[in-house]
>>> print(open('data_23.txt').read())   # compact mmCIF, C-alpha atoms
# COMPACT_ATOMS: atom_id res chain seq x y z
CA MET A 1 10.48 19.30 -12.78
CA ASP A 2 12.15 15.91 -12.33
CA TRP A 3 9.99 13.76 -14.64
CA LEU A 4 11.71 10.56 -13.59
CA LEU A 5 10.70 11.26 -9.99
CA VAL A 6 7.10 11.87 -11.12
CA ALA A 7 7.16 8.67 -13.20
CA SER A 8 8.50 6.74 -10.19
CA THR A 9 5.72 8.05 -7.94
CA VAL A 10 3.03 7.25 -10.52
CA SER A 11 4.56 3.82 -11.21
CA ARG A 12 4.62 2.98 -7.49
CA TRP A 13 1.03 4.19 -7.15
CA VAL A 14 -0.15 2.00 -10.03
CA HIS A 15 1.83 -0.97 -8.65
CA VAL A 16 0.28 -0.67 -5.16
CA LEU A 17 -3.17 -0.04 -6.61
CA CYS A 18 -3.04 -3.09 -8.89
CA ALA A 19 -1.72 -5.21 -6.00
CA CYS A 20 -4.69 -4.05 -3.90
CA ILE A 21 -7.12 -4.93 -6.70
CA VAL A 22 -5.62 -8.40 -7.31
CA VAL A 23 -5.04 -9.40 -3.66
CA GLY A 24 -8.27 -7.89 -2.31
CA GLY A 25 -10.43 -8.99 -5.25
CA ILE A 26 -9.26 -12.61 -5.12
CA PHE A 27 -9.50 -12.64 -1.31
CA TRP A 28 -13.17 -11.65 -1.54
CA MET A 29 -13.80 -14.19 -4.32
CA VAL A 30 -12.46 -16.89 -1.98
CA LEU A 31 -14.54 -15.54 0.89
CA ALA A 32 -17.78 -15.40 -1.13
CA PRO A 33 -17.74 -18.67 -3.11
CA THR A 34 -21.38 -18.29 -4.23
CA ALA A 35 -20.47 -15.13 -6.11
CA ALA A 36 -17.19 -16.52 -7.51
CA PRO A 37 -18.75 -18.29 -10.54
CA ARG A 38 -20.05 -14.89 -11.60
CA GLY A 39 -16.63 -13.38 -11.16
CA ARG A 40 -16.14 -13.08 -14.93
CA ALA A 41 -16.96 -9.37 -14.60
CA PHE A 42 -13.82 -9.12 -12.51
CA LYS A 43 -11.64 -11.00 -15.02
CA PRO A 44 -10.69 -8.10 -17.37
CA VAL A 45 -9.82 -5.95 -14.33
CA PHE A 46 -7.80 -8.85 -12.88
CA HIS A 47 -5.86 -9.51 -16.10
CA GLY A 48 -5.29 -5.79 -16.73
CA SER A 49 -4.01 -5.37 -13.17
CA ILE A 50 -1.58 -8.27 -13.58
CA LEU A 51 -0.20 -6.76 -16.79
CA LEU A 52 0.24 -3.37 -15.09
CA LEU A 53 1.82 -5.06 -12.04
CA ILE A 54 4.47 -6.66 -14.26
CA LEU A 55 5.14 -3.44 -16.22
CA THR A 56 5.34 -1.12 -13.22
CA GLY A 57 7.25 -3.75 -11.21
CA SER A 58 9.90 -3.93 -13.95
CA PHE A 59 10.17 -0.12 -14.03
CA ASN A 60 10.41 0.11 -10.22
CA ALA A 61 13.08 -2.60 -10.15
CA TRP A 62 15.08 -0.78 -12.85
CA ARG A 63 14.88 2.46 -10.85
CA ALA A 64 15.87 0.83 -7.55
CA TRP A 65 18.53 -1.52 -8.91
CA GLY A 66 21.39 0.69 -7.75
CA GLN A 67 19.99 0.69 -4.22
CA TYR A 68 19.56 -3.11 -4.24
CA SER A 69 23.26 -3.38 -5.01
CA LEU A 70 24.12 -1.51 -1.79
CA TRP A 71 23.45 -4.68 0.21
CA PRO A 72 23.33 -7.35 -2.49
CA GLY A 73 23.39 -10.47 -0.31
CA VAL A 74 20.20 -9.61 1.50
CA LEU A 75 18.35 -7.29 -0.88
CA HIS A 76 18.86 -9.45 -3.97
CA GLY A 77 17.70 -12.49 -2.00
CA VAL A 78 14.51 -10.86 -0.75
CA PHE A 79 13.84 -9.26 -4.15
CA GLY A 80 14.34 -12.62 -5.91
CA MET A 81 11.91 -14.34 -3.53
CA HIS A 82 9.41 -11.52 -4.08
CA ILE A 83 9.55 -11.94 -7.87
CA LEU A 84 9.50 -15.75 -7.83
CA LEU A 85 6.56 -16.03 -5.45
CA ALA A 86 4.67 -13.25 -7.26
CA LEU A 87 5.07 -15.07 -10.59
CA ALA A 88 3.99 -18.36 -8.99
CA ALA A 89 0.90 -16.69 -7.50
CA ILE A 90 0.05 -15.00 -10.81
CA ILE A 91 0.27 -18.29 -12.76
CA LEU A 92 -1.78 -20.07 -10.08
CA LEU A 93 -4.48 -17.40 -10.15
CA ILE A 94 -4.64 -17.26 -13.96
CA VAL A 95 -5.10 -21.05 -14.02
CA ALA A 96 -7.69 -20.86 -11.20
CA THR A 97 -9.79 -18.18 -12.89
CA ALA A 98 -9.46 -19.60 -16.43
CA LYS A 99 -12.13 -22.25 -15.78
CA PRO A 100 -15.85 -21.41 -16.16
CA VAL A 101 -16.23 -22.14 -12.43
CA PRO A 102 -13.06 -20.80 -10.73
CA SER A 103 -11.25 -23.27 -8.49
CA GLY A 104 -11.70 -22.11 -4.88
CA ARG A 105 -8.76 -24.13 -3.57
CA LEU A 106 -6.32 -22.79 -6.17
CA MET A 107 -7.54 -19.25 -5.53
CA ALA A 108 -7.05 -19.72 -1.77
CA TRP A 109 -3.46 -20.90 -2.35
CA GLY A 110 -2.88 -18.03 -4.76
CA VAL A 111 -4.12 -15.41 -2.33
CA ALA A 112 -2.08 -16.95 0.54
CA LEU A 113 1.03 -16.72 -1.67
CA LEU A 114 0.16 -13.11 -2.50
CA PHE A 115 0.02 -12.22 1.21
CA VAL A 116 3.58 -13.60 1.51
CA VAL A 117 4.58 -11.57 -1.57
CA VAL A 118 3.23 -8.41 0.11
CA LEU A 119 5.19 -9.27 3.27
CA LEU A 120 8.37 -9.64 1.21
CA ALA A 121 7.70 -6.34 -0.55
CA SER A 122 7.23 -4.65 2.81
CA THR A 123 10.47 -6.19 4.14
CA LEU A 124 12.32 -5.18 0.98
CA LYS A 125 11.15 -1.59 1.34
CA GLY A 126 12.33 -1.37 4.96
CA LEU A 127 15.70 -2.99 4.23
CA ARG A 128 16.28 -0.78 1.19
CA GLU A 129 15.63 2.38 3.19
CA ARG A 130 18.14 1.26 5.81
CA ALA A 131 20.71 0.36 3.16
CA VAL A 132 20.34 3.79 1.53
CA LEU A 133 20.74 5.58 4.87
CA LYS A 134 23.70 3.41 5.82
CA HIS A 135 25.53 4.23 2.59
CA SER A 136 24.74 7.96 2.48
CA THR A 137 28.07 9.75 2.71
CA PRO A 138 27.81 13.01 4.64
CA ILE A 139 28.94 15.95 2.54
CA THR A 140 29.22 18.35 5.49
CA SER A 141 29.63 17.84 9.20
CA ASN A 142 26.30 19.45 10.12
CA ALA A 143 23.13 20.93 8.60
CA MET B 1 26.12 6.09 14.64
CA LEU B 2 24.36 3.83 17.12
CA GLU B 3 25.19 0.18 17.69
CA PRO B 4 22.42 -2.24 16.67
CA THR B 5 20.81 -3.76 19.78
CA LEU B 6 18.11 -6.30 20.55
CA SER B 7 15.62 -3.48 21.10
CA HIS B 8 16.40 -2.25 17.57
CA PHE B 9 15.58 -5.71 16.24
CA TRP B 10 12.21 -5.79 18.02
CA SER B 11 11.32 -2.24 17.06
CA ASN B 12 12.21 -2.96 13.43
CA LEU B 13 10.12 -6.13 13.50
CA PHE B 14 7.22 -4.20 15.01
CA PHE B 15 7.45 -1.49 12.34
CA LEU B 16 7.69 -4.12 9.61
CA ILE B 17 4.57 -5.94 10.83
CA SER B 18 2.76 -2.63 11.24
CA ARG B 19 3.60 -1.61 7.64
CA TYR B 20 2.58 -5.05 6.36
CA LEU B 21 -0.78 -4.88 8.16
CA HIS B 22 -1.34 -1.36 6.79
CA ILE B 23 -0.93 -2.64 3.21
CA VAL B 24 -2.95 -5.82 3.77
CA CYS B 25 -5.88 -3.91 5.28
CA THR B 26 -5.78 -1.47 2.35
CA THR B 27 -5.96 -4.40 -0.09
CA LEU B 28 -8.97 -5.78 1.79
CA LEU B 29 -10.80 -2.43 1.64
CA VAL B 30 -9.98 -1.73 -2.04
CA GLY B 31 -10.58 -5.33 -3.15
CA GLY B 32 -13.79 -5.59 -1.14
CA THR B 33 -15.14 -2.33 -2.54
CA LEU B 34 -14.33 -3.40 -6.10
CA PHE B 35 -15.77 -6.88 -5.53
CA TYR B 36 -19.06 -5.58 -4.13
CA GLU B 37 -19.35 -3.03 -6.90
CA MET B 38 -18.48 -5.35 -9.82
CA VAL B 39 -19.16 -8.97 -8.87
CA VAL B 40 -21.99 -9.04 -6.31
CA PRO B 41 -24.57 -7.12 -8.43
CA ILE B 42 -23.96 -9.54 -11.37
CA ALA B 43 -23.96 -12.56 -9.05
CA ILE B 44 -27.40 -11.72 -7.61
CA ASP B 45 -28.84 -10.36 -10.85
CA GLU B 46 -30.86 -13.47 -11.74
CA LEU B 47 -32.22 -14.01 -8.21
CA LYS B 48 -35.64 -12.82 -7.00
CA ALA B 49 -35.77 -9.50 -5.14
CA THR B 50 -36.18 -11.16 -1.71
CA GLN B 51 -33.29 -13.54 -2.38
CA GLN B 52 -31.17 -10.64 -3.62
CA LEU B 53 -31.74 -8.80 -0.34
CA SER B 54 -30.90 -11.93 1.65
CA VAL B 55 -27.64 -12.57 -0.27
CA PHE B 56 -26.67 -8.88 -0.15
CA GLY B 57 -27.46 -8.78 3.60
CA ARG B 58 -25.28 -11.82 4.31
CA ALA B 59 -22.44 -10.50 2.20
CA ARG B 60 -22.74 -7.17 3.99
CA TRP B 61 -22.47 -8.91 7.37
CA VAL B 62 -19.14 -10.52 6.41
CA PHE B 63 -17.97 -7.27 4.82
CA ARG B 64 -18.85 -5.36 8.01
CA TRP B 65 -16.53 -7.37 10.28
CA ILE B 66 -13.62 -7.18 7.88
CA VAL B 67 -14.17 -3.44 7.29
CA TRP B 68 -14.30 -2.69 11.01
CA LEU B 69 -11.21 -4.77 11.74
CA SER B 70 -9.34 -3.24 8.78
CA ALA B 71 -10.38 0.28 9.83
CA GLY B 72 -9.03 -0.27 13.35
CA VAL B 73 -5.76 -1.80 12.14
CA LEU B 74 -5.30 0.90 9.45
CA ILE B 75 -5.69 3.72 11.97
CA PHE B 76 -3.39 2.05 14.52
CA SER B 77 -0.66 1.17 11.99
CA GLY B 78 -0.99 4.65 10.46
CA VAL B 79 -0.39 6.27 13.85
CA VAL B 80 2.64 3.97 14.38
CA SER B 81 4.04 5.04 11.00
CA ILE B 82 3.51 8.74 11.77
CA TYR B 83 5.29 8.30 15.12
CA ARG B 84 8.19 6.56 13.42
CA HIS B 85 8.72 9.24 10.77
CA LEU B 86 7.68 12.29 12.80
CA THR B 87 11.19 13.79 12.74
CA ILE B 88 11.38 13.62 8.94
CA TYR B 89 7.85 15.00 8.45
CA ASP B 90 8.89 18.15 10.30
CA ILE B 91 11.98 18.86 8.17
CA ASP B 92 11.99 21.60 5.53
CA GLY B 93 12.94 19.28 2.66
CA ALA B 94 13.39 21.95 -0.02
CA ALA B 95 16.22 23.69 1.87
CA ILE B 96 18.08 20.41 2.47
CA VAL B 97 17.67 19.16 -1.10
CA ASN B 98 18.98 22.55 -2.30
CA GLN B 99 21.94 22.24 0.05
CA VAL B 100 22.77 18.77 -1.29
CA SER B 101 22.46 19.83 -4.92
CA GLY B 102 24.66 22.87 -4.22
CA GLN B 103 22.07 25.53 -5.07
CA THR B 104 22.55 28.82 -3.30
CA GLU B 105 19.15 30.39 -4.07
CA PRO B 106 16.51 29.96 -1.38
CA PRO B 107 13.72 27.51 -2.36
CA THR B 108 10.42 28.91 -3.62
CA ALA B 109 7.25 28.69 -1.53
CA ARG B 110 5.90 26.05 -3.94
CA ALA B 111 9.03 23.92 -3.57
CA ARG B 112 8.85 24.28 0.23
CA LEU B 113 5.25 23.07 0.17
CA ALA B 114 5.95 20.14 -2.17
CA MET B 115 9.07 18.99 -0.35
CA ARG B 116 7.63 18.92 3.17
CA SER B 117 6.62 15.27 3.57
CA GLY B 118 4.45 16.18 6.58
CA TRP B 119 1.93 17.92 4.30
CA TRP B 120 1.71 14.86 2.05
CA MET B 121 1.27 12.67 5.11
CA ALA B 122 -1.50 14.96 6.44
CA ALA B 123 -3.31 14.78 3.08
CA HIS B 124 -2.90 10.99 3.00
CA ALA B 125 -4.17 10.61 6.58
CA GLY B 126 -7.11 12.99 6.00
CA ALA B 127 -8.25 11.30 2.78
CA GLY B 128 -7.67 7.88 4.35
CA LEU B 129 -9.83 8.77 7.35
CA THR B 130 -12.57 9.94 4.96
CA ALA B 131 -12.47 6.60 3.10
CA VAL B 132 -12.62 4.67 6.38
CA ILE B 133 -15.57 6.76 7.60
CA VAL B 134 -17.45 6.16 4.31
CA ALA B 135 -16.73 2.40 4.57
CA LEU B 136 -17.96 2.35 8.19
CA PHE B 137 -21.05 4.36 7.21
CA LEU B 138 -21.86 1.79 4.50
CA THR B 139 -21.72 -1.09 6.99
CA LEU B 140 -23.36 0.59 10.00
CA GLY B 141 -27.00 -0.03 10.84
CA ARG B 142 -29.39 -2.83 9.94
CA ARG B 143 -30.16 -1.68 6.41
CA PRO B 144 -27.69 -0.56 3.75
CA PRO B 145 -27.98 3.10 2.68
CA GLU B 146 -29.75 4.00 -0.56
CA HIS B 147 -27.63 3.52 -3.70
CA PRO B 148 -24.87 1.48 -1.99
CA VAL B 149 -23.07 0.80 -5.29
CA ARG B 150 -22.83 4.55 -5.97
CA TRP B 151 -21.36 5.09 -2.50
CA MET B 152 -18.85 2.30 -3.09
CA ARG B 153 -17.84 3.80 -6.42
CA MET B 154 -17.21 7.13 -4.70
CA ASN B 155 -15.22 5.43 -1.95
CA LEU B 156 -13.14 3.58 -4.53
CA VAL B 157 -12.13 6.92 -6.07
CA ILE B 158 -11.24 8.27 -2.61
CA LEU B 159 -9.15 5.13 -1.96
CA LEU B 160 -7.27 5.63 -5.24
CA VAL B 161 -6.42 9.18 -4.15
CA VAL B 162 -5.38 7.91 -0.70
CA ILE B 163 -2.99 5.36 -2.22
CA PHE B 164 -1.51 8.03 -4.51
CA LEU B 165 -0.97 10.37 -1.56
CA GLY B 166 0.66 7.53 0.39
CA SER B 167 2.97 6.84 -2.52
CA ALA B 168 3.87 10.53 -2.87
CA THR B 169 4.46 10.84 0.89
CA ARG B 170 6.92 7.96 0.76
CA HIS B 171 8.80 9.43 -2.19
CA VAL B 172 9.18 12.87 -0.65
CA ARG B 173 10.08 11.37 2.74
CA LEU B 174 12.77 9.16 1.20
CA LEU B 175 14.22 12.03 -0.83
CA VAL B 176 14.36 14.25 2.25
CA THR B 177 15.77 11.42 4.43
CA GLU B 178 18.55 10.69 1.94
CA SER B 179 19.38 14.37 1.59
CA ALA B 180 19.29 14.88 5.37
CA ALA B 181 21.62 11.92 5.83
CA LYS B 182 24.01 13.43 3.27
CA VAL B 183 24.18 16.73 5.12
CA GLY B 184 24.58 14.79 8.40
CA MET B 185 21.49 16.13 10.18
CA LYS B 186 21.51 15.33 13.90
CA GLN B 187 17.68 14.96 14.00
CA LEU B 188 17.98 11.72 12.03
CA GLN B 189 19.92 10.11 14.85
CA SER B 190 17.36 11.07 17.49
CA ALA B 191 14.49 9.54 15.48
CA PRO B 192 12.56 6.62 17.07
CA ASN B 193 14.21 4.24 14.63
CA PRO B 194 17.61 5.66 13.77
CA PRO B 195 19.68 4.19 10.94
CA SER B 196 22.07 1.52 12.15
CA PRO B 197 25.72 1.53 11.08
>>> encode(input="data_23.txt", output="structure tokens")
Amino acid sequence: MDWLLVASTVSRWVHVLCACIVVGGIFWMVLAPTAAPRGRAFKPVFHGSILLLILTGSFNAWRAWGQYSLWPGVLHGVFGMHILLALAAIILLIVATAKPVPSGRLMAWGVALLFVVVLLASTLKGLRERAVLKHSTPITSNA
Amino acid sequence: MLEPTLSHFWSNLFFLISRYLHIVCTTLLVGGTLFYEMVVPIAIDELKATQQLSVFGRARWVFRWIVWLSAGVLIFSGVVSIYRHLTIYDIDGAAIVNQVSGQTEPPTARARLAMRSGWWMAAHAGAGLTAVIVALFLTLGRRPPEHPVRWMRMNLVILLVVIFLGSATRHVRLLVTESAAKVGMKQLQSAPNPPSP
């Protein structure tokens, strides 16, 4: 069994799952401001998810680095934007939720940034698939 | 290889938006389920029973619209994704991967099952539909069902499985696509969204 392939699948799963928890959880905190002050129950899950997002994100980037280099001008640009905006959103959200009463405005900005981060991730995925197909060298003329 | 055209640009943009909406709606369902399971019960804990019902009812009303909208978009974008990758889902991945790696032995039945991305997609779609149906069931009707938090917990577990199956589908599909491209399969070029040069 290819353990690296299994690790990649699990890592991607954890990354998507943590992204869902962070983006969705904060979105609902913004949408239900009366419940937000009691959102401390969500805090350990939120912080744990951010840690896992960074760890699995680093692993995924290491695994895909060769593919990013197939079309460096575009893929490195989109990947860089993805990382920068994700870090900005994470810092914003940590600051917003650090107060006893979370700042609704900061959380709204954070979640808006996260939606852009998801869009960039989605774009990156599509572009990477195309780059991989474009650079696949046929080994025979036909299957 | 085909020349990139304007229609390719629009179809790629459409598929990109569809994939984005699929992920965003998933985050809303997962985040909403987690929020209502973890935050809302604590938030209404100190209120009187009648106030608790009122707050929970209002929250449920907002949740309902977002769940219904997300369910619709998830199903639509899922169907779009299936249509886009239908050619790859039908390919016997194990045989192609063997061919690329230079193995002469025929693949085992287990390998054939694991390397057919269509099966993973079917499992993902089936589990996803189950999660959507449970979410719709929780928001249908005037009154919430008994033990709503328990239902949400169960749906959260189903959603975790759905995301794992989605992730596995993508991995197998990519592996098969790359291998099929290496052996120069003609089916790849007749796909709805063929690779551009």
>>> residues_around(input="data_23.txt", residues="Ala89 (chain A)", least_positions_apart="5", cutoff="9 Å", atoms="all atoms listed in the file", output="ChimeraX atom specification")
/A:84,94,109-114,117
>>> closest_residue(input="data_23.txt", among="B:Ala180, B:Val149, B:Leu160, B:Ile23", to="Ile75 (chain B)", atoms="all atoms listed in the file")
B:Ile23
>>> closest_atom_pairs(input="data_23.txt", of="chain B", to="chain A", cutoff="7 Å", atoms="only C-alpha atoms", output="JSON lines")
{"residue": "B:Leu16", "atom": "CA", "partner": "A:Thr123", "partner_atom": "CA", "distance": 6.5}
{"residue": "B:Arg19", "atom": "CA", "partner": "A:Ser122", "partner_atom": "CA", "distance": 6.8}
{"residue": "B:Tyr20", "atom": "CA", "partner": "A:Leu119", "partner_atom": "CA", "distance": 5.8}
{"residue": "B:Thr26", "atom": "CA", "partner": "A:Cys20", "partner_atom": "CA", "distance": 6.8}
{"residue": "B:Thr27", "atom": "CA", "partner": "A:Cys20", "partner_atom": "CA", "distance": 4.0}
{"residue": "B:Leu28", "atom": "CA", "partner": "A:Gly24", "partner_atom": "CA", "distance": 4.7}
{"residue": "B:Val30", "atom": "CA", "partner": "A:Cys20", "partner_atom": "CA", "distance": 6.1}
{"residue": "B:Gly31", "atom": "CA", "partner": "A:Gly24", "partner_atom": "CA", "distance": 3.5}
{"residue": "B:Gly32", "atom": "CA", "partner": "A:Gly24", "partner_atom": "CA", "distance": 6.1}
{"residue": "B:Leu34", "atom": "CA", "partner": "A:Gly25", "partner_atom": "CA", "distance": 6.9}
{"residue": "B:Phe35", "atom": "CA", "partner": "A:Gly25", "partner_atom": "CA", "distance": 5.7}
{"residue": "B:Met38", "atom": "CA", "partner": "A:Ala41", "partner_atom": "CA", "distance": 6.4}
{"residue": "B:Val39", "atom": "CA", "partner": "A:Gly39", "partner_atom": "CA", "distance": 5.6}
{"residue": "B:Val40", "atom": "CA", "partner": "A:Ala35", "partner_atom": "CA", "distance": 6.3}
{"residue": "B:Ile42", "atom": "CA", "partner": "A:Arg38", "partner_atom": "CA", "distance": 6.6}
{"residue": "B:Ala43", "atom": "CA", "partner": "A:Arg38", "partner_atom": "CA", "distance": 5.2}
{"residue": "B:Ile163", "atom": "CA", "partner": "A:Trp13", "partner_atom": "CA", "distance": 6.5}
{"residue": "B:Phe164", "atom": "CA", "partner": "A:Trp13", "partner_atom": "CA", "distance": 5.3}
{"residue": "B:Ser167", "atom": "CA", "partner": "A:Trp13", "partner_atom": "CA", "distance": 5.7}
{"residue": "B:Ala168", "atom": "CA", "partner": "A:Thr9", "partner_atom": "CA", "distance": 5.9}
{"residue": "B:His171", "atom": "CA", "partner": "A:Thr9", "partner_atom": "CA", "distance": 6.7}
{"residue": "B:Glu178", "atom": "CA", "partner": "A:Leu133", "partner_atom": "CA", "distance": 6.3}
{"residue": "B:Ala181", "atom": "CA", "partner": "A:Ser136", "partner_atom": "CA", "distance": 6.1}
{"residue": "B:Lys182", "atom": "CA", "partner": "A:Pro138", "partner_atom": "CA", "distance": 4.1}
{"residue": "B:Val183", "atom": "CA", "partner": "A:Pro138", "partner_atom": "CA", "distance": 5.2}
{"residue": "B:Gly184", "atom": "CA", "partner": "A:Asn142", "partner_atom": "CA", "distance": 5.3}
{"residue": "B:Met185", "atom": "CA", "partner": "A:Ala143", "partner_atom": "CA", "distance": 5.3}
{"residue": "B:Pro195", "atom": "CA", "partner": "A:Arg130", "partner_atom": "CA", "distance": 6.1}
{"residue": "B:Ser196", "atom": "CA", "partner": "A:Lys134", "partner_atom": "CA", "distance": 6.8}
{"residue": "B:Pro197", "atom": "CA", "partner": "A:Lys134", "partner_atom": "CA", "distance": 5.9}
>>> write_last_selection(input="data_23.txt", atoms="C-alpha atoms", output="PDB file, in the coordinates of the input")
ATOM      1  CA  LEU B  16       7.690  -4.120   9.610  1.00  0.00           C
ATOM      2  CA  ARG B  19       3.600  -1.610   7.640  1.00  0.00           C
ATOM      3  CA  TYR B  20       2.580  -5.050   6.360  1.00  0.00           C
ATOM      4  CA  THR B  26      -5.780  -1.470   2.350  1.00  0.00           C
ATOM      5  CA  THR B  27      -5.960  -4.400  -0.090  1.00  0.00           C
ATOM      6  CA  LEU B  28      -8.970  -5.780   1.790  1.00  0.00           C
ATOM      7  CA  VAL B  30      -9.980  -1.730  -2.040  1.00  0.00           C
ATOM      8  CA  GLY B  31     -10.580  -5.330  -3.150  1.00  0.00           C
ATOM      9  CA  GLY B  32     -13.790  -5.590  -1.140  1.00  0.00           C
ATOM     10  CA  LEU B  34     -14.330  -3.400  -6.100  1.00  0.00           C
ATOM     11  CA  PHE B  35     -15.770  -6.880  -5.530  1.00  0.00           C
ATOM     12  CA  MET B  38     -18.480  -5.350  -9.820  1.00  0.00           C
ATOM     13  CA  VAL B  39     -19.160  -8.970  -8.870  1.00  0.00           C
ATOM     14  CA  VAL B  40     -21.990  -9.040  -6.310  1.00  0.00           C
ATOM     15  CA  ILE B  42     -23.960  -9.540 -11.370  1.00  0.00           C
ATOM     16  CA  ALA B  43     -23.960 -12.560  -9.050  1.00  0.00           C
ATOM     17  CA  ILE B 163      -2.990   5.360  -2.220  1.00  0.00           C
ATOM     18  CA  PHE B 164      -1.510   8.030  -4.510  1.00  0.00           C
ATOM     19  CA  SER B 167       2.970   6.840  -2.520  1.00  0.00           C
ATOM     20  CA  ALA B 168       3.870  10.530  -2.870  1.00  0.00           C
ATOM     21  CA  HIS B 171       8.800   9.430  -2.190  1.00  0.00           C
ATOM     22  CA  GLU B 178      18.550  10.690   1.940  1.00  0.00           C
ATOM     23  CA  ALA B 181      21.620  11.920   5.830  1.00  0.00           C
ATOM     24  CA  LYS B 182      24.010  13.430   3.270  1.00  0.00           C
ATOM     25  CA  VAL B 183      24.180  16.730   5.120  1.00  0.00           C
ATOM     26  CA  GLY B 184      24.580  14.790   8.400  1.00  0.00           C
ATOM     27  CA  MET B 185      21.490  16.130  10.180  1.00  0.00           C
ATOM     28  CA  PRO B 195      19.680   4.190  10.940  1.00  0.00           C
ATOM     29  CA  SER B 196      22.070   1.520  12.150  1.00  0.00           C
ATOM     30  CA  PRO B 197      25.720   1.530  11.080  1.00  0.00           C
TER      31      PRO B 197
END
>>> atom_distance(input="data_23.txt", atom1="CA of Ser77 (chain B)", atom2="CA of Leu159 (chain B)")
16.8 Å
>>> atom_distance(input="data_23.txt", atom1="CA of Gly118 (chain B)", atom2="CA of Ser101 (chain B)")
21.7 Å
>>> axis_aligned_box(input="data_23.txt", around="region 96-99 of chain A", padding_each_side="4 Å", output="JSON")
{"center_x": -9.9, "center_y": -20.2, "center_z": -13.8, "size_x": 12.4, "size_y": 12.1, "size_z": 13.2}
>>> closest_residue(input="data_23.txt", among="A:Gln67, A:Leu92, A:Asn60, A:Gly77", to="Leu4 (chain A)", atoms="all atoms listed in the file")
A:Asn60
>>> residues_around(input="data_23.txt", residues="Met121 (chain B)", least_positions_apart="3", cutoff="9 Å", atoms="only C-alpha atoms", output="PyMOL selection string")
chain B and resi 82+89+117-118+124-126+165-166+168-170
>>> atom_distance(input="data_23.txt", atom1="CA of Phe59 (chain A)", atom2="CA of Val157 (chain B)")
24.7 Å
>>> closest_residue(input="data_23.txt", among="B:His85, B:Gly128, B:His8, B:Ala122", to="His22 (chain B)", atoms="all atoms listed in the file")
B:Gly128
>>> residues_near_point(input="data_23.txt", point="(-23.6, -9.5, 7.1)", cutoff="12 Å", atoms="only C-alpha atoms", output="list in words")
Ala32 of chain A; Leu53, Ser54, Val55, Phe56, Gly57, Arg58, Ala59, Arg60, Trp61, Val62, Phe63, Arg64, Trp65, Ile66, Val67, Leu138, Thr139, Leu140, Gly141, Arg142, Arg143 and Pro144 of chain B
>>> closest_residue(input="data_23.txt", among="A:Ala98, A:Pro72, A:Leu106, A:Phe79", to="Ser58 (chain A)", atoms="only C-alpha atoms")
A:Phe79
>>> closest_residue(input="data_23.txt", among="A:Lys99, A:His76, A:Arg105, A:His47", to="Ala61 (chain A)", atoms="all atoms listed in the file")
A:His76
